[in-house]
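Structure data (CSV, C-alpha atoms and all ligand atoms) from final_32.csv:
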```csv
chain,number,residue,atom,x,y,z
Y,123,MET,CA,9.9,-24.9,20.4
Y,124,ASN,CA,9.9,-23.6,16.8
Y,125,LEU,CA,9.9,-19.8,16.9
Y,126,GLU,CA,9.9,-19.3,13.1
Y,127,PRO,CA,6.6,-17.8,12.0
Y,128,SER,CA,4.4,-19.7,9.6
Y,129,THR,CA,5.5,-18.6,6.2
Y,130,SER,CA,2.0,-19.0,4.8
Y,131,LEU,CA,1.1,-15.8,6.8
Y,132,ILE,CA,4.0,-13.7,5.4
Y,133,PRO,CA,3.8,-11.7,2.1
Y,134,ASN,CA,6.5,-12.9,-0.2
Y,135,ALA,CA,7.6,-9.4,-1.2
Y,136,LEU,CA,8.0,-6.2,0.7
Y,137,ILE,CA,6.2,-3.5,-1.3
Y,138,ASP,CA,5.7,0.0,-0.1
Y,139,ARG,CA,2.6,2.3,-0.7
Y,140,PHE,CA,4.2,3.5,-4.0
Y,141,GLY,CA,4.7,0.1,-5.4
Y,142,ARG,CA,8.4,0.0,-4.9
Y,143,ILE,CA,9.8,-3.5,-4.1
Y,144,ILE,CA,12.2,-3.4,-1.2
Y,145,ARG,CA,15.1,-5.9,-1.9
Y,146,ASP,CA,18.2,-4.4,-0.4
Y,147,LEU,CA,19.3,-4.3,3.2
Y,148,ARG,CA,21.9,-1.8,4.5
Y,149,ILE,CA,23.0,-2.8,8.0
Y,150,SER,CA,25.1,-0.4,10.0
Y,151,VAL,CA,27.1,-2.5,12.4
Y,152,THR,CA,28.8,0.3,14.3
Y,153,PRO,CA,28.6,4.1,14.4
Y,154,ARG,CA,32.3,4.3,15.1
Y,155,CYS,CA,34.9,5.2,12.4
Y,156,ASN,CA,38.6,5.5,12.2
Y,157,TYR,CA,38.4,8.4,9.6
Y,158,HIS,CA,37.1,11.8,10.4
Y,159,CYS,CA,35.5,13.0,7.1
Y,160,THR,CA,33.7,16.2,7.9
Y,161,TYR,CA,30.9,15.5,5.5
Y,162,CYS,CA,30.0,12.4,7.5
Y,163,ASP,CA,30.4,13.7,11.1
Y,164,PRO,CA,32.2,10.7,12.6
Y,165,LEU,CA,32.1,9.5,16.2
Y,166,GLY,CA,35.5,8.6,17.4
Y,167,HIS,CA,36.7,5.0,17.0
Y,168,THR,CA,38.5,5.0,20.3
Y,169,HIS,CA,35.1,4.8,22.1
Y,170,PRO,CA,33.8,1.4,22.9
Y,171,GLU,CA,30.8,0.2,21.0
Y,172,PRO,CA,27.8,2.1,22.4
Y,173,ALA,CA,25.4,0.3,24.8
Y,174,GLY,CA,22.6,-1.4,22.9
Y,175,VAL,CA,24.6,-1.9,19.7
Y,176,LEU,CA,23.3,-4.6,17.4
Y,177,SER,CA,24.5,-8.0,18.4
Y,178,VAL,CA,25.3,-10.9,16.1
Y,179,ARG,CA,22.0,-12.5,17.1
Y,180,ASP,CA,20.1,-9.3,16.2
Y,181,VAL,CA,21.6,-9.1,12.8
Y,182,ASP,CA,20.9,-12.8,12.2
Y,183,HIS,CA,17.2,-12.3,13.1
Y,184,PHE,CA,16.9,-9.2,11.0
Y,185,VAL,CA,18.4,-10.8,7.9
Y,186,ARG,CA,16.2,-13.9,8.3
Y,187,ALA,CA,13.1,-11.8,8.8
Y,188,SER,CA,14.0,-9.7,5.7
Y,189,ALA,CA,14.7,-12.8,3.6
Y,190,LEU,CA,11.3,-14.2,4.4
Y,191,LEU,CA,9.9,-11.0,2.9
Y,192,GLY,CA,11.9,-11.4,-0.3
Y,193,LEU,CA,14.9,-9.2,0.4
Y,194,ASP,CA,17.9,-10.8,-1.1
Y,195,ALA,CA,21.0,-8.6,-0.7
Y,196,ALA,CA,22.7,-7.5,2.5
Y,197,ARG,CA,25.3,-4.7,2.6
Y,198,PHE,CA,27.3,-4.1,5.8
Y,199,THR,CA,28.3,-0.6,6.5
Y,200,GLY,CA,28.8,1.9,9.4
Y,201,GLY,CA,30.6,3.9,10.7
Y,202,GLU,CA,33.5,1.7,9.6
Y,203,PRO,CA,32.1,-1.9,9.5
Y,204,LEU,CA,35.6,-3.5,9.7
Y,205,LEU,CA,36.0,-2.0,13.2
Y,206,ARG,CA,33.4,-4.5,14.4
Y,207,LYS,CA,35.2,-7.7,15.3
Y,208,GLU,CA,32.0,-9.8,14.9
Y,209,LEU,CA,31.5,-8.7,11.3
Y,210,PRO,CA,32.6,-12.0,9.8
Y,211,GLU,CA,30.2,-13.9,12.0
Y,212,MET,CA,27.4,-11.5,11.0
Y,213,MET,CA,28.2,-12.0,7.3
Y,214,ALA,CA,28.5,-15.7,7.6
Y,215,ASN,CA,25.1,-16.0,9.1
Y,216,ALA,CA,23.6,-13.7,6.4
Y,217,ALA,CA,25.3,-15.7,3.7
Y,218,ALA,CA,23.8,-18.9,5.1
Y,219,THR,CA,20.3,-17.4,5.1
Y,220,PRO,CA,18.1,-19.0,2.4
Y,221,GLY,CA,17.2,-16.3,-0.1
Y,222,ILE,CA,20.2,-14.0,0.5
Y,223,LYS,CA,22.2,-13.9,-2.7
Y,224,ASP,CA,24.6,-11.1,-2.2
Y,225,ILE,CA,26.8,-10.1,0.7
Y,226,ALA,CA,28.7,-6.8,0.3
Y,227,ILE,CA,30.5,-4.2,2.4
Y,228,THR,CA,31.1,-0.5,2.1
Y,229,THR,CA,34.4,0.3,3.8
Y,230,ASN,CA,37.1,2.9,3.9
Y,231,GLY,CA,39.5,0.1,3.2
Y,232,THR,CA,41.9,0.8,6.1
Y,233,LEU,CA,41.5,-2.6,7.7
Y,234,PHE,CA,40.7,-4.6,4.5
Y,235,ARG,CA,44.2,-6.2,4.1
Y,236,ARG,CA,44.3,-7.2,7.7
Y,237,ARG,CA,40.8,-8.7,7.7
Y,238,HIS,CA,40.1,-9.8,4.1
Y,239,LYS,CA,40.7,-13.6,4.7
Y,240,GLU,CA,38.0,-13.8,7.4
Y,241,LEU,CA,35.6,-11.7,5.3
Y,242,LEU,CA,36.1,-14.0,2.3
Y,243,GLU,CA,35.6,-17.1,4.4
Y,244,ALA,CA,32.4,-15.5,5.7
Y,245,GLY,CA,31.0,-15.2,2.2
Y,246,LEU,CA,31.9,-11.6,1.1
Y,247,ASN,CA,30.9,-11.2,-2.6
Y,248,ARG,CA,31.6,-7.5,-3.3
Y,249,VAL,CA,33.2,-4.5,-1.8
Y,250,ASN,CA,32.7,-0.7,-2.3
Y,251,ILE,CA,35.7,1.3,-1.1
Y,252,SER,CA,35.5,5.0,-0.3
Y,253,LEU,CA,38.3,7.1,-1.8
Y,254,ASP,CA,37.8,10.9,-2.2
Y,255,ALA,CA,41.2,11.7,-3.7
Y,256,ILE,CA,44.5,10.2,-4.8
Y,257,ASP,CA,46.7,13.1,-3.8
Y,258,GLN,CA,47.8,12.5,-0.2
Y,259,THR,CA,47.4,16.1,0.9
Y,260,VAL,CA,43.8,16.3,-0.4
Y,261,PHE,CA,43.0,12.8,0.9
Y,262,ALA,CA,44.3,13.7,4.4
Y,263,LYS,CA,42.2,16.9,4.4
Y,264,ALA,CA,39.1,15.0,3.3
Y,265,THR,CA,39.5,12.1,5.8
Y,266,GLY,CA,41.0,13.9,8.7
Y,267,GLY,CA,44.5,12.5,8.4
Y,268,GLY,CA,44.0,9.3,6.4
Y,269,ASP,CA,46.9,7.6,4.5
Y,270,VAL,CA,45.9,7.2,0.8
Y,271,LYS,CA,48.5,4.4,0.2
Y,272,VAL,CA,46.6,2.1,2.6
Y,273,VAL,CA,43.3,2.6,0.7
Y,274,LEU,CA,44.9,2.2,-2.7
Y,275,ASP,CA,46.5,-1.0,-1.5
Y,276,ALA,CA,43.1,-2.2,-0.3
Y,277,ILE,CA,41.6,-1.4,-3.8
Y,278,ASP,CA,44.4,-3.4,-5.5
Y,279,LEU,CA,43.8,-6.3,-3.1
Y,280,ALA,CA,40.1,-6.3,-3.9
Y,281,LEU,CA,40.9,-6.5,-7.6
Y,282,GLU,CA,43.4,-9.3,-7.0
Y,283,LEU,CA,40.8,-11.2,-5.1
Y,284,ASN,CA,38.4,-10.8,-8.1
Y,285,LEU,CA,35.7,-9.2,-6.0
Y,286,HIS,CA,34.3,-7.7,-9.2
Y,287,PRO,CA,32.8,-5.2,-9.7
Y,288,VAL,CA,35.1,-3.2,-7.3
Y,289,LYS,CA,33.3,0.1,-6.8
Y,290,ILE,CA,35.0,3.3,-5.6
Y,291,ASN,CA,32.8,5.9,-3.8
Y,292,ALA,CA,34.0,9.5,-4.0
Y,293,VAL,CA,31.9,12.3,-2.5
Y,294,SER,CA,32.6,15.4,-4.6
Y,295,ILE,CA,33.0,18.5,-2.5
Y,296,ARG,CA,33.8,21.9,-3.8
Y,297,GLY,CA,36.9,23.3,-2.1
Y,298,ILE,CA,37.9,19.9,-0.7
Y,299,ASN,CA,38.5,17.4,-3.5
Y,300,ASP,CA,37.1,19.0,-6.7
Y,301,ASN,CA,40.6,19.3,-8.0
Y,302,GLU,CA,41.0,15.5,-7.8
Y,303,ILE,CA,38.0,14.6,-10.0
Y,304,ILE,CA,40.1,14.1,-13.1
Y,305,ASN,CA,42.6,11.9,-11.2
Y,306,MET,CA,39.8,9.8,-9.8
Y,307,ALA,CA,38.2,9.4,-13.1
Y,308,ARG,CA,41.6,8.3,-14.6
Y,309,LEU,CA,41.5,5.3,-12.2
Y,310,SER,CA,38.8,3.8,-14.3
Y,311,LEU,CA,41.0,4.0,-17.4
Y,312,GLU,CA,44.0,2.2,-15.9
Y,313,LYS,CA,42.2,-0.5,-13.8
Y,314,PRO,CA,38.8,-2.3,-14.0
Y,315,LEU,CA,37.4,0.0,-11.3
Y,316,HIS,CA,34.0,1.5,-11.2
Y,317,VAL,CA,34.5,5.0,-9.8
Y,318,ARG,CA,31.2,6.6,-8.6
Y,319,PHE,CA,31.0,10.3,-7.9
Y,320,ILE,CA,28.4,10.9,-5.2
Y,321,GLU,CA,26.8,14.3,-4.6
Y,322,TYR,CA,27.3,15.7,-1.2
Y,323,MET,CA,24.1,15.3,0.9
Y,324,HIS,CA,23.5,17.5,3.9
Y,325,LEU,CA,23.8,14.7,6.4
Y,326,ASN,CA,26.5,16.2,8.6
Y,327,ASN,CA,24.6,19.2,10.1
Y,328,SER,CA,27.2,21.6,8.7
Y,329,GLN,CA,26.2,25.2,8.5
Y,330,LEU,CA,23.8,25.6,5.6
Y,331,GLU,CA,25.8,28.3,3.8
Y,332,VAL,CA,29.0,26.2,4.1
Y,333,TYR,CA,27.1,23.2,2.6
Y,334,LYS,CA,25.6,25.2,-0.2
Y,335,ASN,CA,29.0,26.5,-1.3
Y,336,ALA,CA,30.5,23.1,-1.1
Y,337,PHE,CA,27.8,21.3,-3.0
Y,338,LEU,CA,29.0,20.2,-6.5
Y,339,PRO,CA,26.4,18.8,-8.8
Y,340,GLY,CA,27.2,15.5,-10.6
Y,341,SER,CA,26.6,17.3,-14.0
Y,342,GLU,CA,29.6,19.6,-13.2
Y,343,ALA,CA,31.8,16.7,-12.3
Y,344,LYS,CA,30.8,15.0,-15.6
Y,345,ALA,CA,31.5,18.1,-17.6
Y,346,MET,CA,35.0,18.3,-16.0
Y,347,ILE,CA,35.7,14.7,-16.9
Y,348,GLU,CA,34.4,15.2,-20.5
Y,349,GLN,CA,36.6,18.2,-21.0
Y,350,GLU,CA,39.6,16.1,-20.1
Y,351,PHE,CA,38.7,12.7,-21.7
Y,352,GLY,CA,36.1,13.6,-24.4
Y,353,THR,CA,32.4,12.6,-24.4
Y,354,LEU,CA,31.6,9.7,-22.1
Y,355,GLU,CA,29.9,6.6,-23.5
Y,356,VAL,CA,26.7,5.5,-21.8
Y,357,VAL,CA,26.8,2.1,-20.1
Y,358,PRO,CA,23.3,0.6,-19.8
Y,359,THR,CA,22.4,-0.3,-16.2
Y,360,ASP,CA,19.7,-1.7,-14.0
Y,361,PRO,CA,17.1,1.1,-13.6
Y,362,SER,CA,17.0,0.5,-9.8
Y,363,SER,CA,20.7,1.3,-9.5
Y,364,PRO,CA,21.2,4.8,-8.2
Y,365,ALA,CA,24.2,5.5,-10.5
Y,366,ARG,CA,24.1,6.7,-14.0
Y,367,VAL,CA,27.0,4.9,-15.6
Y,368,PHE,CA,29.4,6.0,-18.4
Y,369,LYS,CA,32.8,5.0,-19.7
Y,370,ILE,CA,35.8,6.9,-21.0
Y,371,ALA,CA,36.4,5.4,-24.4
Y,372,GLY,CA,38.8,2.4,-24.2
Y,373,SER,CA,38.7,2.3,-20.4
Y,374,GLN,CA,38.8,-0.9,-18.4
Y,375,GLY,CA,36.3,0.3,-15.8
Y,376,SER,CA,33.5,2.8,-15.6
Y,377,ILE,CA,32.4,6.2,-14.1
Y,378,GLY,CA,29.1,6.5,-12.3
Y,379,PHE,CA,27.3,9.6,-11.1
Y,380,ILE,CA,25.1,9.2,-8.0
Y,381,ASN,CA,23.1,12.4,-7.9
Y,382,PRO,CA,20.6,12.2,-5.0
Y,383,ILE,CA,20.2,15.9,-4.8
Y,384,SER,CA,20.1,17.2,-8.5
Y,385,GLU,CA,18.5,14.0,-9.9
Y,386,PRO,CA,16.8,12.2,-7.0
Y,387,PHE,CA,16.2,8.5,-7.7
Y,388,CYS,CA,13.7,7.9,-4.9
Y,389,GLY,CA,11.2,6.4,-7.4
Y,390,ALA,CA,13.4,3.4,-7.8
Y,391,CYS,CA,14.5,3.1,-4.2
Y,392,SER,CA,14.7,-0.5,-3.1
Y,393,ARG,CA,16.4,-0.1,0.3
Y,394,MET,CA,15.7,-0.6,3.9
Y,395,ARG,CA,18.2,0.3,6.6
Y,396,LEU,CA,19.0,-1.0,10.1
Y,397,THR,CA,21.1,1.3,12.3
Y,398,ALA,CA,23.6,0.1,14.8
Y,399,ASP,CA,21.2,1.1,17.6
Y,400,ARG,CA,18.5,-1.1,16.3
Y,401,LYS,CA,16.3,1.4,14.5
Y,402,VAL,CA,14.7,0.5,11.1
Y,403,ARG,CA,15.0,3.4,8.7
Y,404,ALA,CA,13.3,3.3,5.3
Y,405,CYS,CA,14.8,6.4,3.8
Y,406,LEU,CA,18.3,7.8,4.1
Y,407,LEU,CA,17.2,11.4,3.8
Y,408,THR,CA,14.2,11.4,6.1
Y,409,ASP,CA,14.6,11.3,9.9
Y,410,ARG,CA,11.7,8.9,10.6
Y,411,GLU,CA,12.8,5.6,12.2
Y,412,LEU,CA,11.1,2.8,13.9
Y,413,ASP,CA,12.6,1.4,17.1
Y,414,ALA,CA,12.9,-2.3,16.6
Y,415,GLY,CA,14.5,-2.9,20.1
Y,416,ALA,CA,11.4,-4.5,21.6
Y,417,ALA,CA,11.0,-6.8,18.5
Y,418,PHE,CA,14.6,-7.9,18.8
Y,419,ASP,CA,14.2,-8.7,22.5
Y,420,SER,CA,10.9,-10.4,22.2
Y,421,GLN,CA,10.1,-14.1,22.4
Y,422,ASN,CA,9.5,-14.2,18.6
Y,423,PRO,CA,12.1,-11.8,17.2
Y,424,ILE,CA,11.6,-12.8,13.6
Y,425,GLU,CA,7.9,-12.3,13.7
Y,426,GLY,CA,8.3,-9.0,15.5
Y,427,ILE,CA,10.9,-7.8,13.0
Y,428,ILE,CA,8.6,-8.7,10.1
Y,429,ASP,CA,5.9,-6.5,11.6
Y,430,VAL,CA,8.4,-3.6,12.0
Y,431,LEU,CA,9.6,-4.1,8.4
Y,432,LEU,CA,6.0,-4.1,7.1
Y,433,GLU,CA,5.2,-0.9,9.0
Y,434,ALA,CA,8.5,0.7,7.9
Y,435,ALA,CA,7.7,-0.1,4.2
Y,436,HIS,CA,4.2,1.2,4.6
Y,437,ARG,CA,5.5,4.5,6.0
Y,438,LYS,CA,8.4,4.8,3.5
Y,439,GLU,CA,8.3,8.3,2.1
Y,440,ARG,CA,7.8,8.8,-1.6
Y,441,MET,CA,10.8,11.1,-1.5
Y,442,GLY,CA,13.5,12.0,0.9
Y,443,ASP,CA,14.3,15.5,2.2
Y,444,ILE,CA,16.9,16.5,-0.3
Y,445,LEU,CA,17.1,20.1,0.8
Y,446,PRO,CA,19.6,21.0,3.4
Y,447,LYS,CA,18.2,21.0,7.0
Y,448,ILE,CA,19.3,20.0,10.4
Y,449,ARG,CA,18.9,16.3,10.9
Y,450,GLU,CA,18.4,14.2,13.9
Y,451,ARG,CA,21.3,12.0,12.9
Y,452,THR,CA,24.4,12.4,10.8
Y,453,MET,CA,25.5,10.0,8.1
Y,454,VAL,CA,28.0,8.1,10.2
Y,455,ALA,CA,25.2,7.1,12.6
Y,456,ILE,CA,22.7,6.2,9.9
Y,457,GLY,CA,25.1,4.1,7.8
Y,458,GLY,CA,25.7,5.1,4.2
Y,501,LIG,N1,33.2,3.9,6.6
Y,501,LIG,C1,32.7,3.3,5.4
Y,501,LIG,C2,33.2,4.0,4.2
Y,501,LIG,O1,34.0,5.0,4.4
Y,501,LIG,O2,32.8,3.6,3.1
Y,501,LIG,C3,31.2,3.1,5.4
Y,501,LIG,C4,30.3,4.2,5.9
Y,501,LIG,S1,30.3,5.7,5.0
Y,501,LIG,C5,29.0,6.5,5.9
Y,501,LIG,C6,29.4,5.1,3.5
Y,501,LIG,C7,29.5,6.1,2.3
Y,501,LIG,O3,28.8,7.2,2.6
Y,501,LIG,C8,30.9,6.5,2.0
Y,501,LIG,O4,31.2,6.2,0.6
Y,501,LIG,C9,30.9,8.0,2.2
Y,501,LIG,O5,31.7,8.7,1.3
Y,501,LIG,C10,29.4,8.3,2.0
Y,501,LIG,N2,29.0,9.6,2.6
Y,501,LIG,C11,29.2,9.9,3.9
Y,501,LIG,N3,28.7,11.1,4.2
Y,501,LIG,C12,28.2,11.6,3.0
Y,501,LIG,C13,27.5,12.7,2.6
Y,501,LIG,N4,27.3,13.7,3.5
Y,501,LIG,N5,27.0,12.8,1.3
Y,501,LIG,C14,27.2,11.8,0.5
Y,501,LIG,N6,27.9,10.7,0.8
Y,501,LIG,C15,28.3,10.5,2.0
```
Would you kindly transcribe this structure into C-alpha cells?
Amino acid sequence: MNLEPSTSLIPNALIDRFGRIIRDLRISVTPRCNYHCTYCDPLGHTHPEPAGVLSVRDVDHFVRASALLGLDAARFTGGEPLLRKELPEMMANAAATPGIKDIAITTNGTLFRRRHKELLEAGLNRVNISLDAIDQTVFAKATGGGDVKVVLDAIDLALELNLHPVKINAVSIRGINDNEIINMARLSLEKPLHVRFIEYMHLNNSQLEVYKNAFLPGSEAKAMIEQEFGTLEVVPTDPSSPARVFKIAGSQGSIGFINPISEPFCGACSRMRLTADRKVRACLLTDRELDAGAAFDSQNPIEGIIDVLLEAAHRKERMGDILPKIRERTMVAIGG
C-alpha cells in the first residue's frame, strides 16, 4: 500500500501568516551533551537516551514531509548530535530525500575526529563547531571541563576535509569569555574560518540578574575587535542569514555577529525545529510547541506530519520572546 500523500494536495511551500517562507529544518536528535556549558543547561550524557526519543524512522518521515512542503536544508543538532549512534543513518536518509540539498551539523567537535568518516559517507556537507575560547582555562570554565585541543583539532579536520564554509559559534558572555573575543576573532585572520559571535539568549533559566550582567551585546564585541584590528569590512550576505558578516582586512575568513537580542532577525526567520522528544517548535524563543507524537505513530505519518507543520507555520510567532524569562525548556533540550 502506498502511504505517501498525493502531492497535488500539498502546498509546495511552507509559508507562515507573516509571509515568511520556511526552508530550514533544525532537528535535535538528543537532549544529552558531553559538555556542561552553563548558558545551555545540559542534561548529563551518561544517561541513556530518554524514552520516546526520535527514532531513525521518525526523522526520515519528518524530513520527507518537510521536503514535500519545499524545505530544503536539514541541520542536525542537540544536545550533542554526535552522541547519537544512529546519526549517520538519519543523515543518509535525509541526503537521499528528493528536494533536500544541504545536510549540516552543529557540534561541539569532541567526537568529530572519531566519527567524521561515517558522517561524510552519510552525506554531510557542512559543519558548525562551537568554540567559546582558545585559552584552555577559559574554555574549561565555559564548557564545564572541556579540552580545547580536541575542538581545535576538529576544526582543523573540518578545514582539511574542505567542509567549507567552516563556521565557529562562540556565545559571548561577560565575565566568562569576553577576554577571549580578540583571540577568537584572530582565528579568522589565520585560517579560512567564519567566526560568529552569538549573543547570549536567556535560554538556561539562570537568575535574571545574573543573566543581565552577563549579557554582552554584539555591538560591544564588534567594537572590541575593531579597536584591535581596525574597521571591519562589510561582507554582503543572504538577507535571510541571521549573521551580519564582516572581515578583518586581509583575513582568510570572516567574522559574523548573530544578535538575536539587540537586533532581532525574526522578520527573516526561515526555520522550523523538531525536538528530540518529537515536538515541532516554530520559534526558538517562544515556548509554544506542537506534539507530533500521534502523527509520527499514525498509519500515515507523512500526511500527519504535514498537517502538524502547516499548523506550526500558521502559529509561528511574528517575534520570539527576547526578554529574559523563565522558559519551559532550556537550550539543550530545544536544540540550538
Ligand atoms: N552540542 C552542539 C554544540 O555545542 O554546538 C549543538 C547544540 S548547542 C545547543 C548549539 C549552539 O547553541 C551552540 O553553538 C551553543 O553555543 C549555542 N547556545 C547554547 N545556549 C545558548 C544560549 N543561551 N544563547 C546563545 N547561544 C546558545
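Taking all atoms listed in the file into account, the residues that come within 6 Å of ligand LIG 501 (chain Y) are Tyr161, Cys162, Thr199, Gly200, Gly201, Glu202, Thr228, Thr229, Asn230, Ile251, Ser252, Asn291, Ala292, Val293, Ile320, Glu321, Tyr322, Met323, His324, Leu325, Asn326, Met453, Val454, Gly457 and Gly458 of chain Y.
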Query raised in the report: Do you have the atom CA of Leu285 of chain Y-atom CA of Ile303 of chain Y distance handy?
Result: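 Value for the atom CA of Leu285 of chain Y-atom CA of Ile303 of chain Y distance: 24.2 Å.
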Query raised in the report: Which distance in Å separates atom CA of Val288 of chain Y and atom CA of Phe261 of chain Y, to one decimal?
Result: 19.6 Å
Query - Between atom CA of Val260 of chain Y and atom CA of Ile298 of chain Y - distance in Å to one decimal - result: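 We find that atom CA of Ile298 of chain Y and atom CA of Val260 of chain Y lie 6.9 Å from each other.
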Dig up all the protein and nucleic acid residues within 9 Å of (15.1, -7.2, 9.7) in the file frame, using all atoms listed in the file, and format them as an mmCIF file with C-alpha atoms, in the frame of the given file.
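That gives us out.cif:
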```cif
data_model
loop_
_atom_site.group_PDB
_atom_site.id
_atom_site.type_symbol
_atom_site.label_atom_id
_atom_site.label_comp_id
_atom_site.auth_asym_id
_atom_site.auth_seq_id
_atom_site.Cartn_x
_atom_site.Cartn_y
_atom_site.Cartn_z
ATOM 1 C CA LEU Y 147 19.300 -4.300 3.200
ATOM 2 C CA ASP Y 180 20.100 -9.300 16.200
ATOM 3 C CA VAL Y 181 21.600 -9.100 12.800
ATOM 4 C CA ASP Y 182 20.900 -12.800 12.200
ATOM 5 C CA HIS Y 183 17.200 -12.300 13.100
ATOM 6 C CA PHE Y 184 16.900 -9.200 11.000
ATOM 7 C CA VAL Y 185 18.400 -10.800 7.900
ATOM 8 C CA ARG Y 186 16.200 -13.900 8.300
ATOM 9 C CA ALA Y 187 13.100 -11.800 8.800
ATOM 10 C CA SER Y 188 14.000 -9.700 5.700
ATOM 11 C CA ALA Y 189 14.700 -12.800 3.600
ATOM 12 C CA MET Y 394 15.700 -0.600 3.900
ATOM 13 C CA ARG Y 395 18.200 0.300 6.600
ATOM 14 C CA LEU Y 396 19.000 -1.000 10.100
ATOM 15 C CA VAL Y 402 14.700 0.500 11.100
ATOM 16 C CA ALA Y 414 12.900 -2.300 16.600
ATOM 17 C CA ILE Y 424 11.600 -12.800 13.600
ATOM 18 C CA ILE Y 427 10.900 -7.800 13.000
ATOM 19 C CA ILE Y 428 8.600 -8.700 10.100
ATOM 20 C CA VAL Y 430 8.400 -3.600 12.000
ATOM 21 C CA LEU Y 431 9.600 -4.100 8.400
#
```
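If you measure from each of Y:Ser294, Y:Asn305, Y:Ser362, Y:Asn299 to Asn381 of chain Y using only C-alpha atoms, the closest one turns out to be Y:Ser294.
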